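Engineer: Contents of input_16.csv (CSV, C-alpha atoms):
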```csv
chain,number,residue,atom,x,y,z
A,66,MET,CA,96.8,96.8,110.8
A,67,SER,CA,100.1,95.9,109.1
A,68,ALA,CA,103.1,94.3,110.6
A,69,ALA,CA,105.1,97.5,110.0
A,70,ASP,CA,102.6,99.5,112.1
A,71,THR,CA,103.1,97.4,115.1
A,72,PRO,CA,106.4,95.7,115.0
A,73,ARG,CA,106.4,94.4,118.6
A,74,GLY,CA,104.7,91.1,119.1
A,75,VAL,CA,104.4,90.5,115.4
A,76,GLU,CA,106.1,87.6,113.8
A,77,TRP,CA,108.0,88.6,110.6
A,78,PRO,CA,108.4,85.9,107.9
A,79,SER,CA,111.0,83.6,109.2
A,80,ASP,CA,113.0,83.9,106.0
A,81,TRP,CA,113.4,87.6,106.5
A,82,LEU,CA,114.9,87.2,110.0
A,83,ARG,CA,117.1,84.3,108.9
A,84,ALA,CA,118.5,86.5,106.1
A,85,THR,CA,119.2,89.5,108.4
A,86,LEU,CA,120.0,88.0,111.8
A,87,GLY,CA,123.7,88.0,111.1
A,88,LEU,CA,123.8,91.7,110.4
A,89,PHE,CA,121.5,92.4,113.4
A,90,ALA,CA,123.6,90.3,115.7
A,91,LEU,CA,126.7,92.3,114.7
A,92,ARG,CA,124.8,95.5,115.2
A,93,ALA,CA,123.7,94.4,118.7
A,94,LEU,CA,127.4,93.8,119.6
A,95,SER,CA,128.6,97.1,118.2
A,96,ALA,CA,127.9,99.0,121.4
A,97,GLY,CA,130.2,96.6,123.4
A,98,PRO,CA,130.5,93.1,124.6
A,99,SER,CA,127.3,91.3,125.3
A,100,TYR,CA,125.9,87.8,126.0
A,101,GLY,CA,123.3,85.5,124.4
A,102,TYR,CA,120.2,86.5,126.3
A,103,ALA,CA,121.0,90.2,126.1
A,104,ILE,CA,121.4,90.0,122.3
A,105,ILE,CA,118.0,88.1,122.1
A,106,SER,CA,116.4,90.7,124.3
A,107,GLU,CA,117.8,93.6,122.3
A,108,LEU,CA,116.5,92.2,119.1
A,109,GLU,CA,113.1,91.5,120.7
A,110,ARG,CA,112.9,95.0,122.1
A,111,HIS,CA,113.5,96.5,118.7
A,112,GLY,CA,110.6,94.5,117.2
A,113,PHE,CA,112.3,91.6,115.4
A,114,GLY,CA,110.5,88.9,117.5
A,115,THR,CA,112.1,86.3,119.7
A,116,VAL,CA,115.2,84.6,118.3
A,117,LYS,CA,115.8,81.1,119.6
A,118,GLY,CA,119.1,80.1,121.2
A,119,GLY,CA,119.3,77.3,118.6
A,120,THR,CA,119.4,80.0,115.9
A,121,LEU,CA,121.6,82.6,117.5
A,122,TYR,CA,124.4,80.5,119.0
A,123,PRO,CA,125.4,78.6,115.8
A,124,LEU,CA,125.6,82.0,114.1
A,125,LEU,CA,127.8,83.4,116.8
A,126,THR,CA,130.0,80.3,116.7
A,127,ARG,CA,130.5,80.7,113.0
A,128,TYR,CA,131.4,84.4,113.5
A,129,GLU,CA,133.9,83.4,116.2
A,130,THR,CA,135.5,80.9,113.8
A,131,ALA,CA,135.6,83.6,111.1
A,132,GLY,CA,137.3,86.0,113.5
A,133,LEU,CA,134.4,88.5,113.5
A,134,VAL,CA,133.8,88.1,117.3
A,135,SER,CA,135.9,87.1,120.2
A,136,THR,CA,134.6,85.4,123.3
A,137,GLU,CA,135.3,85.5,127.0
A,138,TRP,CA,133.8,83.8,130.0
A,139,ARG,CA,133.2,86.2,132.9
A,140,ALA,CA,132.3,85.1,136.4
A,141,GLY,CA,128.8,86.3,137.4
A,142,ASP,CA,127.8,88.2,140.5
A,143,GLY,CA,126.8,85.6,142.9
A,144,GLY,CA,125.9,83.2,140.1
A,145,PRO,CA,127.4,81.2,137.3
A,146,GLY,CA,129.4,83.2,134.7
A,147,ARG,CA,128.4,84.3,131.2
A,148,LYS,CA,130.0,84.0,127.9
A,149,TYR,CA,130.5,87.4,126.4
A,150,PHE,CA,130.8,88.1,122.7
A,151,ASP,CA,132.8,91.1,121.5
A,152,LEU,CA,133.2,92.5,118.0
A,153,THR,CA,136.8,92.3,116.7
A,154,GLU,CA,138.1,95.0,114.3
A,155,ARG,CA,137.3,92.6,111.5
A,156,GLY,CA,133.7,92.3,112.9
A,157,HIS,CA,133.4,96.1,113.0
A,158,ALA,CA,134.5,96.3,109.3
A,159,GLU,CA,132.1,93.6,108.3
A,160,LEU,CA,129.2,95.4,110.1
A,161,ALA,CA,130.1,98.6,108.2
A,162,ARG,CA,130.2,96.8,104.9
A,163,LEU,CA,127.0,94.9,105.4
A,164,SER,CA,125.2,98.0,106.7
A,165,ALA,CA,126.1,99.9,103.6
A,166,ASP,CA,125.1,97.0,101.4
A,167,TRP,CA,121.8,96.7,103.3
A,168,SER,CA,121.0,100.4,102.9
A,169,ARG,CA,121.5,100.2,99.1
A,170,PHE,CA,119.4,97.0,98.9
A,171,THR,CA,116.5,98.4,100.9
A,172,GLN,CA,116.5,101.6,98.9
A,173,LEU,CA,116.5,99.5,95.7
A,174,SER,CA,113.6,97.3,97.0
A,175,THR,CA,111.6,100.3,98.2
A,176,ASP,CA,112.0,102.0,94.8
A,177,TYR,CA,111.0,98.9,93.0
A,178,LEU,CA,107.9,98.3,95.2
A,179,ASP,CA,106.7,101.9,94.9
A,180,PRO,CA,105.0,102.3,91.4
A,181,GLU,CA,105.5,106.1,91.6
A,182,ARG,CA,109.2,105.8,92.1
A,183,ARG,CA,109.8,102.7,89.9
A,184,PRO,CA,111.9,103.7,86.9
A,185,LYS,CA,110.0,103.3,83.6
A,186,GLU,CA,110.9,100.2,81.7
A,187,PRO,CA,111.8,100.8,78.1
A,188,SER,CA,109.0,100.0,75.7
A,189,LEU,CA,109.6,97.4,73.1
B,149,MET,CA,111.0,67.9,137.7
B,150,MET,CA,109.8,66.6,134.4
B,151,GLN,CA,111.7,69.4,132.6
B,152,GLN,CA,114.9,68.7,134.6
B,153,THR,CA,114.7,65.0,133.5
B,154,SER,CA,114.1,65.9,129.8
B,155,ASP,CA,116.8,68.5,129.9
B,156,ARG,CA,119.3,66.0,131.4
B,157,LYS,CA,118.4,63.6,128.6
B,158,TRP,CA,118.9,66.4,126.0
B,159,PHE,CA,122.3,67.4,127.5
B,160,ASP,CA,123.3,63.7,127.3
B,161,GLU,CA,122.2,63.5,123.7
B,162,LEU,CA,124.0,66.7,122.8
B,163,THR,CA,127.2,65.5,124.4
B,164,LEU,CA,126.9,62.1,122.6
B,165,GLU,CA,126.2,63.8,119.2
B,166,LEU,CA,129.2,66.1,119.7
B,167,ARG,CA,131.4,63.1,120.7
B,168,ILE,CA,130.2,61.3,117.5
B,169,ARG,CA,131.4,64.3,115.5
B,170,GLN,CA,134.8,64.1,117.2
B,171,VAL,CA,134.5,67.6,118.7
B,172,HIS,CA,137.2,68.5,121.2
B,173,GLY,CA,136.4,68.3,124.9
B,174,THR,CA,137.0,72.0,125.5
B,175,ALA,CA,134.5,73.0,122.7
B,176,ILE,CA,131.9,70.5,124.2
B,177,GLY,CA,132.3,72.0,127.6
B,178,ASP,CA,131.9,75.5,126.2
B,179,THR,CA,128.8,74.5,124.3
B,180,LEU,CA,127.1,72.9,127.3
B,181,ALA,CA,127.9,75.9,129.5
B,182,SER,CA,126.5,78.3,126.9
B,183,VAL,CA,123.3,76.3,126.7
B,184,ARG,CA,122.9,76.2,130.5
B,185,GLU,CA,123.5,80.0,130.7
B,186,LEU,CA,120.7,80.7,128.2
B,187,LEU,CA,118.3,78.2,129.8
B,188,ARG,CA,118.8,79.9,133.2
B,189,ASP,CA,118.1,83.3,131.6
B,190,THR,CA,115.0,82.3,129.7
B,191,GLY,CA,113.5,79.6,131.9
B,192,GLN,CA,112.9,77.6,128.7
B,193,SER,CA,113.5,73.8,128.3
B,194,ALA,CA,116.5,72.8,126.3
B,195,GLU,CA,114.4,71.4,123.4
B,196,GLU,CA,112.3,74.5,123.3
B,197,ALA,CA,115.3,76.9,123.1
B,198,PHE,CA,117.7,74.9,121.0
B,199,GLY,CA,115.5,72.3,119.1
B,200,PRO,CA,116.5,68.6,118.9
B,201,ALA,CA,120.0,67.9,120.3
B,202,ARG,CA,121.2,66.2,117.1
B,203,GLU,CA,120.1,69.1,114.8
B,204,TYR,CA,121.7,71.6,117.2
B,205,ALA,CA,125.0,69.7,117.2
B,206,ASP,CA,124.9,69.7,113.4
B,207,SER,CA,124.3,73.4,113.2
B,208,LEU,CA,127.2,74.3,115.4
B,209,ASP,CA,129.9,73.0,113.1
B,210,LEU,CA,132.5,73.0,115.9
B,211,PRO,CA,136.3,72.3,115.5
B,212,ALA,CA,136.8,68.5,115.5
B,213,GLU,CA,139.3,65.8,115.0
B,214,PRO,CA,139.5,64.5,111.4
B,215,LYS,CA,136.4,62.3,110.9
B,216,HIS,CA,138.1,58.9,110.9
B,217,ASP,CA,141.1,59.7,113.1
B,218,TRP,CA,139.7,57.3,115.8
B,219,VAL,CA,140.0,54.4,113.3
B,220,ARG,CA,143.8,54.8,113.3
B,221,LYS,CA,144.1,55.7,117.0
B,222,SER,CA,141.6,53.2,118.5
B,223,LEU,CA,140.1,50.8,116.0
B,224,TRP,CA,143.3,49.2,114.6
B,225,PRO,CA,144.9,48.7,118.1
B,226,ALA,CA,141.7,47.2,119.5
B,227,LEU,CA,141.4,44.9,116.5
B,228,LEU,CA,145.1,43.8,116.9
B,229,GLY,CA,144.5,43.2,120.7
B,230,LEU,CA,141.3,41.1,119.9
B,231,LEU,CA,143.0,39.0,117.3
B,232,ALA,CA,145.9,38.3,119.8
B,233,PHE,CA,143.5,37.5,122.5
B,234,LEU,CA,141.5,35.0,120.3
B,235,LEU,CA,144.8,33.3,119.3
B,236,PHE,CA,146.0,33.2,122.9
B,237,SER,CA,142.7,31.7,124.2
B,238,GLN,CA,142.9,28.9,121.6
B,239,ALA,CA,146.6,28.2,122.2
B,240,ILE,CA,146.6,28.4,126.0
B,241,ILE,CA,144.1,25.5,126.3
B,242,SER,CA,146.2,23.3,124.1
B,243,LEU,CA,149.4,24.3,125.9
B,244,VAL,CA,148.0,23.5,129.4
B,245,ARG,CA,146.7,20.1,128.1
B,246,ALA,CA,150.2,19.5,126.5
B,247,GLU,CA,148.5,19.0,123.1
B,248,GLN,CA,148.9,20.4,119.7
B,249,MET,CA,146.7,23.4,118.8
B,250,LEU,CA,144.1,22.1,116.3
B,251,VAL,CA,142.2,24.5,114.0
B,252,SER,CA,139.4,23.8,111.5
B,253,PRO,CA,138.2,26.2,108.8
B,254,ALA,CA,134.7,26.6,110.3
B,255,GLN,CA,136.2,27.2,113.8
B,256,LEU,CA,138.6,29.8,112.3
B,257,ALA,CA,135.7,31.6,110.5
B,258,LEU,CA,133.6,31.7,113.7
B,259,LEU,CA,136.6,33.0,115.8
B,260,LEU,CA,137.2,35.7,113.3
B,261,THR,CA,133.6,36.9,113.4
B,262,PRO,CA,134.1,39.4,116.3
B,263,ALA,CA,137.2,40.7,114.5
B,264,VAL,CA,135.2,41.3,111.3
B,265,LEU,CA,132.5,43.0,113.3
B,266,ILE,CA,135.2,45.4,114.7
B,267,LEU,CA,136.7,45.9,111.3
B,268,LEU,CA,133.3,47.0,109.9
B,269,LEU,CA,132.7,49.4,112.9
B,270,PRO,CA,133.2,52.6,110.9
B,271,LEU,CA,130.1,51.7,108.9
B,272,TYR,CA,127.8,51.5,111.9
B,273,ILE,CA,129.6,53.3,114.7
B,274,ASP,CA,127.0,56.2,114.8
B,275,ALA,CA,124.0,53.7,115.0
B,276,LEU,CA,125.9,51.8,117.7
B,277,MET,CA,126.4,54.9,119.9
B,278,ARG,CA,122.8,56.1,119.4
B,279,HIS,CA,120.9,52.8,119.8
B,280,VAL,CA,121.7,50.3,122.6
B,281,TRP,CA,119.9,47.5,120.7
B,282,VAL,CA,122.7,47.6,118.1
B,283,LEU,CA,125.3,47.0,120.8
B,284,ILE,CA,123.2,44.1,122.3
B,285,THR,CA,122.8,42.5,118.9
B,286,LEU,CA,126.5,42.7,118.2
B,287,GLY,CA,127.2,41.2,121.7
B,288,VAL,CA,124.8,38.3,121.0
B,289,ILE,CA,126.4,37.6,117.6
B,290,ALA,CA,130.0,37.7,119.0
B,291,SER,CA,128.9,35.4,121.9
B,292,LEU,CA,127.2,32.9,119.6
B,293,ALA,CA,130.2,32.8,117.3
B,294,GLY,CA,132.4,32.1,120.4
B,295,VAL,CA,130.1,29.2,121.6
B,296,LEU,CA,129.8,27.7,118.1
B,297,SER,CA,133.5,27.9,117.5
B,298,ALA,CA,133.9,25.6,120.6
B,299,VAL,CA,131.3,23.3,119.2
B,300,VAL,CA,133.0,22.9,115.8
B,301,ALA,CA,136.5,22.7,117.3
B,302,PRO,CA,138.3,19.6,116.0
B,303,THR,CA,139.0,16.9,118.6
B,304,ALA,CA,141.6,14.8,116.7
B,305,PRO,CA,144.5,15.9,114.5
B,306,ALA,CA,142.8,14.0,111.6
B,307,GLU,CA,139.9,16.4,111.7
B,308,ALA,CA,142.1,19.5,111.9
B,309,TRP,CA,143.1,21.8,109.1
B,310,LEU,CA,146.1,23.0,111.1
B,311,ALA,CA,148.0,21.3,113.9
B,312,VAL,CA,150.8,23.4,115.4
B,313,ASN,CA,152.9,23.7,118.6
B,314,PRO,CA,150.9,26.2,120.8
B,315,PHE,CA,153.9,27.5,122.8
B,316,PRO,CA,155.2,30.1,120.3
B,317,TRP,CA,151.7,31.3,119.7
B,318,VAL,CA,151.0,31.8,123.4
B,319,ILE,CA,154.2,33.8,123.9
B,320,GLY,CA,153.7,35.8,120.7
B,321,SER,CA,150.1,36.7,121.3
B,322,ALA,CA,150.8,37.6,124.9
B,323,LEU,CA,153.6,40.0,123.8
B,324,VAL,CA,151.3,41.6,121.2
B,325,MET,CA,148.6,42.1,123.8
B,326,ILE,CA,151.0,43.7,126.3
B,327,ALA,CA,152.6,45.9,123.6
B,328,GLN,CA,149.1,47.1,122.4
B,329,SER,CA,148.0,47.9,125.9
B,330,THR,CA,151.2,49.8,126.7
B,331,VAL,CA,150.9,51.9,123.5
B,332,SER,CA,147.2,52.6,124.3
B,333,THR,CA,148.0,53.6,127.9
B,334,ILE,CA,150.7,56.0,126.6
B,335,ARG,CA,148.3,57.5,124.1
B,336,THR,CA,145.6,57.9,126.8
B,337,PHE,CA,148.0,60.0,128.9
B,338,HIS,CA,148.8,62.2,125.9
B,339,SER,CA,145.3,62.7,124.6
B,340,ALA,CA,143.7,63.3,128.0
B,341,SER,CA,143.6,67.1,127.5
B,342,ASP,CA,141.7,66.8,124.2
B,343,ASP,CA,139.2,64.3,125.3
B,344,ASP,CA,138.1,65.7,128.6
B,345,ILE,CA,135.1,67.9,128.7
B,346,ILE,CA,136.2,71.1,130.4
B,347,ASP,CA,133.7,73.5,132.0
B,348,PRO,CA,135.0,77.0,131.0
B,349,LEU,CA,133.9,78.4,134.3
B,350,ALA,CA,135.1,75.7,136.7
B,351,ARG,CA,138.3,75.2,134.6
B,352,SER,CA,138.2,71.6,135.8
B,353,THR,CA,137.6,68.4,133.8
B,354,SER,CA,134.2,66.6,134.1
B,355,SER,CA,135.8,63.2,133.9
B,356,GLY,CA,137.1,62.4,137.4
B,357,THR,CA,139.6,59.9,138.7
B,358,GLY,CA,137.0,57.1,138.4
B,359,ALA,CA,136.6,57.8,134.6
B,360,LYS,CA,140.4,57.9,134.1
B,361,VAL,CA,140.9,54.6,136.0
B,362,PHE,CA,138.1,53.1,133.8
B,363,VAL,CA,139.9,54.2,130.6
B,364,HIS,CA,143.2,52.7,131.8
B,365,VAL,CA,141.5,49.4,132.8
B,366,THR,CA,139.9,49.2,129.3
B,367,ASN,CA,143.4,49.6,127.8
B,368,TRP,CA,144.4,46.4,129.6
B,369,LEU,CA,141.2,44.5,129.1
B,370,PHE,CA,142.7,41.8,126.7
B,371,PRO,CA,145.7,41.0,129.0
B,372,ILE,CA,143.3,40.8,132.0
B,373,PHE,CA,141.0,38.5,130.0
B,374,ALA,CA,144.0,36.5,128.9
B,375,LEU,CA,145.1,36.0,132.6
B,376,ALA,CA,141.5,34.9,133.4
B,377,MET,CA,141.6,32.5,130.5
B,378,LEU,CA,144.9,31.1,131.7
B,379,GLY,CA,143.5,30.6,135.2
B,380,LEU,CA,140.4,28.9,133.8
B,381,ALA,CA,142.4,26.6,131.6
B,382,LEU,CA,144.6,25.6,134.6
B,383,ALA,CA,141.6,25.1,136.8
B,384,LEU,CA,139.8,22.9,134.3
B,385,ASN,CA,142.9,20.9,133.7
```
Would you mind giving the structure from this file in C-alpha cells?

Structural biologist:
Amino acid sequence: MSAADTPRGVEWPSDWLRATLGLFALRALSAGPSYGYAIISELERHGFGTVKGGTLYPLLTRYETAGLVSTEWRAGDGGPGRKYFDLTERGHAELARLSADWSRFTQLSTDYLDPERRPKEPSL
Amino acid sequence: MMQQTSDRKWFDELTLELRIRQVHGTAIGDTLASVRELLRDTGQSAEEAFGPAREYADSLDLPAEPKHDWVRKSLWPALLGLLAFLLFSQAIISLVRAEQMLVSPAQLALLLTPAVLILLLPLYIDALMRHVWVLITLGVIASLAGVLSAVVAPTAPAEAWLAVNPFPWVIGSALVMIAQSTVSTIRTFHSASDDDIIDPLARSTSSGTGAKVFVHVTNWLFPIFALAMLGLALALN
C-alpha cells in the first residue's frame, strides 16, 4: 500500500514537508486566527503527519517578522492564554501567490512523472 | 517529576541562549510563554517538542540588540572600574602607611592580569556563560595574580620602578569609580524595560525587586570593595 493511499499515519519524506510547511501553515490560517497546537492538529488531520513545535514556531516567527501574520495573546477560559496567529493582507496575498505557483508546479511534476503525458523529447 | 526537572533545565538553557544572543526581554518572555502553551496542549517534554534549547534559540532568529553592543555598554565601564579599583587598592595602603607608592614591572603585569582577562571577554563570553568551569578558572587565575602581585611588590624605593605620592591616585581612582558606578546606575534605570523578561499574559516582569536591587549593588561593587579595602588598610595599620 502506498503512502498516497493511506495518508494518515504515514510519514512523508521530511524534505517534502519542510518545503511545503510554510504554504500549509498559511493555508491553515486562511480560515481565521489560530494557535500553535490547532495548526499542528489541522495539518495532522489532513494527513501531513505531526509537525513539531520546534519546526512550526520558528516559521511563524519569521512570517511575523515578514509581516505575513500578526499575533495576539488572548486570555484562556479558566486557563492560561494562547498566542493567536492571524493572516495579514500581505499573508493572504502570499498564500494566493504560493498556491497558484504550487498548482503549476504539481501539474508540471505530474506530467513529467507520467510517461503517457510526458511531452516527447526532440530526437537528435 | 523527572520531566518537570528536565523541562526546567531546558527553559533555563533557552533563556540563557536567548540572552547570549542579546534578544530583547519582551521577545524572550513571548517565546517562553509560547513554548509553555504548546507543551500544555501536547503533553510532550520541551526537548521532545522543540529539540535542544540551543538549536531552537538559533532557529528563532528573534529581534536582538547589535551583537557587541554590550561591550560598549557594560564591558568598557566595568574595565575602567576595575582598573580604578586596582589602582586605589595599591595607593590606599601606601597612603595609610604614609609611604610612597612603589611599583615594580612584575607587580604591574600581575595586577593588570584581571584587566586583560576582562578585555578579552568578547572572545570567550559564550563559553563563560555556558560552562561554570570557565568562570572558576578565571576566578582562580585572577586570585593567583592578586596574591603573586603582593609577593613581588617592592619593599624599598631602590627595588621599585615607580615611586609616587599615593594621595592624588587615591582621590583620582575613587572619583573614577564613583563616576563609573553613577553612569551604570543611570543606564540600568533606562535599560530596565529592554532587559526584563516580560510574560505576555501576566504583563509583569519576571525580575522582581530582589533582582533589581542586585543589579544596582553590582553597579556599586568597586566603590564597596574600595571602602572595604580602606577599612582593612586602616585596621592593619

Engineer: Set out as a Markdown table a contact list for chain B and chain A with a cut-off of 8 Å, giving each residue of chain B that qualifies its closest atom pair and distance in Å to one decimal, counting all atoms listed in the file, ordered by chain and rising residue number.

Structural biologist:
```
| residue | atom | partner | partner_atom | distance |
| --- | --- | --- | --- | --- |
| B:Ser182 | CA | A:Lys148 | CA | 6.8 |
| B:Val183 | CA | A:Gly118 | CA | 7.9 |
| B:Glu185 | CA | A:Arg147 | CA | 6.5 |
| B:Leu186 | CA | A:Tyr102 | CA | 6.1 |
| B:Asp189 | CA | A:Tyr102 | CA | 6.5 |
| B:Thr190 | CA | A:Tyr102 | CA | 7.5 |
| B:Ala197 | CA | A:Gly118 | CA | 5.3 |
| B:Phe198 | CA | A:Gly119 | CA | 3.8 |
| B:Gly199 | CA | A:Gly119 | CA | 6.3 |
| B:Tyr204 | CA | A:Gly119 | CA | 6.3 |
| B:Ser207 | CA | A:Pro123 | CA | 5.9 |
| B:Leu208 | CA | A:Pro123 | CA | 4.7 |
| B:Asp209 | CA | A:Pro123 | CA | 7.7 |
| B:Leu210 | CA | A:Thr126 | CA | 7.8 |
| B:Pro348 | CA | A:Trp138 | CA | 7.0 |
| B:Leu349 | CA | A:Gly146 | CA | 6.6 |
```

Engineer: Please write the residues from the selection above to a file, keeping C-alpha atoms, as a short mmCIF file (atom, residue, chain, number, x, y, z; two decimals), in the frame of the given file.

Structural biologist:
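Contents of again38.cif, as written:
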```cif
data_model
loop_
_atom_site.label_atom_id
_atom_site.label_comp_id
_atom_site.auth_asym_id
_atom_site.auth_seq_id
_atom_site.Cartn_x
_atom_site.Cartn_y
_atom_site.Cartn_z
CA SER B 182 126.50 78.30 126.90
CA VAL B 183 123.30 76.30 126.70
CA GLU B 185 123.50 80.00 130.70
CA LEU B 186 120.70 80.70 128.20
CA ASP B 189 118.10 83.30 131.60
CA THR B 190 115.00 82.30 129.70
CA ALA B 197 115.30 76.90 123.10
CA PHE B 198 117.70 74.90 121.00
CA GLY B 199 115.50 72.30 119.10
CA TYR B 204 121.70 71.60 117.20
CA SER B 207 124.30 73.40 113.20
CA LEU B 208 127.20 74.30 115.40
CA ASP B 209 129.90 73.00 113.10
CA LEU B 210 132.50 73.00 115.90
CA PRO B 348 135.00 77.00 131.00
CA LEU B 349 133.90 78.40 134.30
#
```

Engineer: If I take CA of Leu133 (chain A) and CA of Phe89 (chain A), how far is one from the other in Å, to one decimal?

Structural biologist: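 Going from CA of Leu133 (chain A) over to CA of Phe89 (chain A), I get 13.5 Å.
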
Engineer: Of the candidates B:Pro253, B:Gly177, B:Gly191, B:Pro214, which one gets nearest to Pro302 (chain B) if we count all atoms listed in the file?

Structural biologist: B:Pro253

Engineer: I'd like the neighbourhood of His157 (chain A) as a list in words, where a residue qualifies if any of its atoms comes within 9 Å (using all atoms listed in the file), though same-chain residues fewer than 3 positions away should be ignored.

Structural biologist: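 Final neighbour list, sorted by chain and number: Leu91, Arg92, Ser95, Leu133, Leu152, Thr153, Glu154, Leu160, Ala161 and Arg162 of chain A.
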
Engineer: Hey, can you check how far CA of Arg110 (chain A) sits from CA of Leu88 (chain A)?

Structural biologist: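 So the two atoms, CA of Arg110 (chain A) and CA of Leu88 (chain A), lie 16.3 Å apart.
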
Engineer: Rank B:Ile266, B:Phe233, B:Arg169, B:Val280 by their smallest atom-to-atom distance to Ala376 (chain B), using all atoms listed in the file, and report the top residue only.

Structural biologist: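 Using all atoms listed in the file, Ala376 (chain B) sits closest to B:Phe233.
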
Engineer: Please identify all polymer residues within 12 Å of Glu161 (chain B), counting all atoms listed in the file, omitting same-chain residues fewer than 4 positions from it, and present them as number ranges by chain.

Structural biologist: B: 154-157, 165-168, 176, 180, 194-195, 199-205, 277-279

Engineer: What is the CA of Glu109 (chain A)-CA of Pro78 (chain A) distance in Å, reported with one decimal?

Structural biologist: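 Between CA of Glu109 (chain A) and CA of Pro78 (chain A) the gap works out to 14.7 Å.
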
Engineer: Do a neighbour search on Met249 (chain B) at 7 Å with all atoms listed in the file, toss out local chain neighbours closer than 3 positions, and write the hits as a short mmCIF file (atom, residue, chain, number, x, y, z; two decimals) with C-alpha atoms, keeping the file's coordinate frame.

Structural biologist:
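The resulting file, out.cif, is reproduced below:
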```
data_model
loop_
_atom_site.label_atom_id
_atom_site.label_comp_id
_atom_site.auth_asym_id
_atom_site.auth_seq_id
_atom_site.Cartn_x
_atom_site.Cartn_y
_atom_site.Cartn_z
CA ALA B 239 146.60 28.20 122.20
CA SER B 242 146.20 23.30 124.10
CA ALA B 311 148.00 21.30 113.90
CA VAL B 312 150.80 23.40 115.40
CA ASN B 313 152.90 23.70 118.60
CA PRO B 314 150.90 26.20 120.80
#
```

Engineer: When distances are computed from all atoms listed in the file, which of B:Thr330, B:Gln255, B:Thr303, B:Thr261 shows the smallest separation from Ser291 (chain B)?

Structural biologist: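 Once distances to Ser291 (chain B) are computed over all atoms listed in the file, the minimum belongs to B:Thr261.
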
Engineer: For Trp81 (chain A), which residue among A:Asp179, A:Leu94, A:Gly114, A:Ser99 is the nearest when counting all atoms listed in the file?

Structural biologist: A:Gly114

Engineer: Could I see region 164-176 of chain A restored to N, CA, C and O atoms, set down as a short mmCIF file (atom, residue, chain, number, x, y, z; two decimals), in the frame of the given file?

Structural biologist:
```cif
data_model
loop_
_atom_site.label_atom_id
_atom_site.label_comp_id
_atom_site.auth_asym_id
_atom_site.auth_seq_id
_atom_site.Cartn_x
_atom_site.Cartn_y
_atom_site.Cartn_z
N SER A 164 126.14 96.92 106.52
CA SER A 164 125.20 98.00 106.70
C SER A 164 125.00 98.83 105.47
O SER A 164 123.88 99.18 105.08
N ALA A 165 126.14 99.14 104.85
CA ALA A 165 126.10 99.90 103.60
C ALA A 165 125.38 99.17 102.50
O ALA A 165 124.53 99.73 101.79
N ASP A 166 125.72 97.90 102.38
CA ASP A 166 125.10 97.00 101.40
C ASP A 166 123.57 96.97 101.62
O ASP A 166 122.74 97.03 100.70
N TRP A 167 123.20 96.82 102.91
CA TRP A 167 121.80 96.70 103.30
C TRP A 167 121.02 97.97 102.93
O TRP A 167 119.89 97.92 102.44
N SER A 168 121.64 99.13 103.18
CA SER A 168 121.00 100.40 102.90
C SER A 168 120.69 100.49 101.37
O SER A 168 119.59 100.87 100.95
N ARG A 169 121.69 100.13 100.58
CA ARG A 169 121.50 100.20 99.10
C ARG A 169 120.40 99.20 98.69
O ARG A 169 119.57 99.51 97.87
N PHE A 170 120.41 98.01 99.32
CA PHE A 170 119.40 97.00 98.90
C PHE A 170 118.01 97.41 99.31
O PHE A 170 117.08 97.27 98.51
N THR A 171 117.84 97.97 100.52
CA THR A 171 116.50 98.40 100.90
C THR A 171 115.99 99.54 100.09
O THR A 171 114.81 99.63 99.77
N GLN A 172 116.92 100.46 99.72
CA GLN A 172 116.50 101.60 98.90
C GLN A 172 116.05 101.08 97.50
O GLN A 172 114.99 101.48 97.01
N LEU A 173 116.80 100.14 96.98
CA LEU A 173 116.50 99.50 95.70
C LEU A 173 115.10 98.84 95.77
O LEU A 173 114.24 98.99 94.89
N SER A 174 114.90 98.08 96.86
CA SER A 174 113.60 97.30 97.00
C SER A 174 112.47 98.29 97.18
O SER A 174 111.41 98.08 96.58
N THR A 175 112.66 99.37 97.97
CA THR A 175 111.60 100.30 98.20
C THR A 175 111.21 101.01 96.87
O THR A 175 110.03 101.16 96.54
N ASP A 176 112.22 101.40 96.13
CA ASP A 176 112.00 102.00 94.80
C ASP A 176 111.21 101.10 93.91
O ASP A 176 110.28 101.51 93.20
#
```
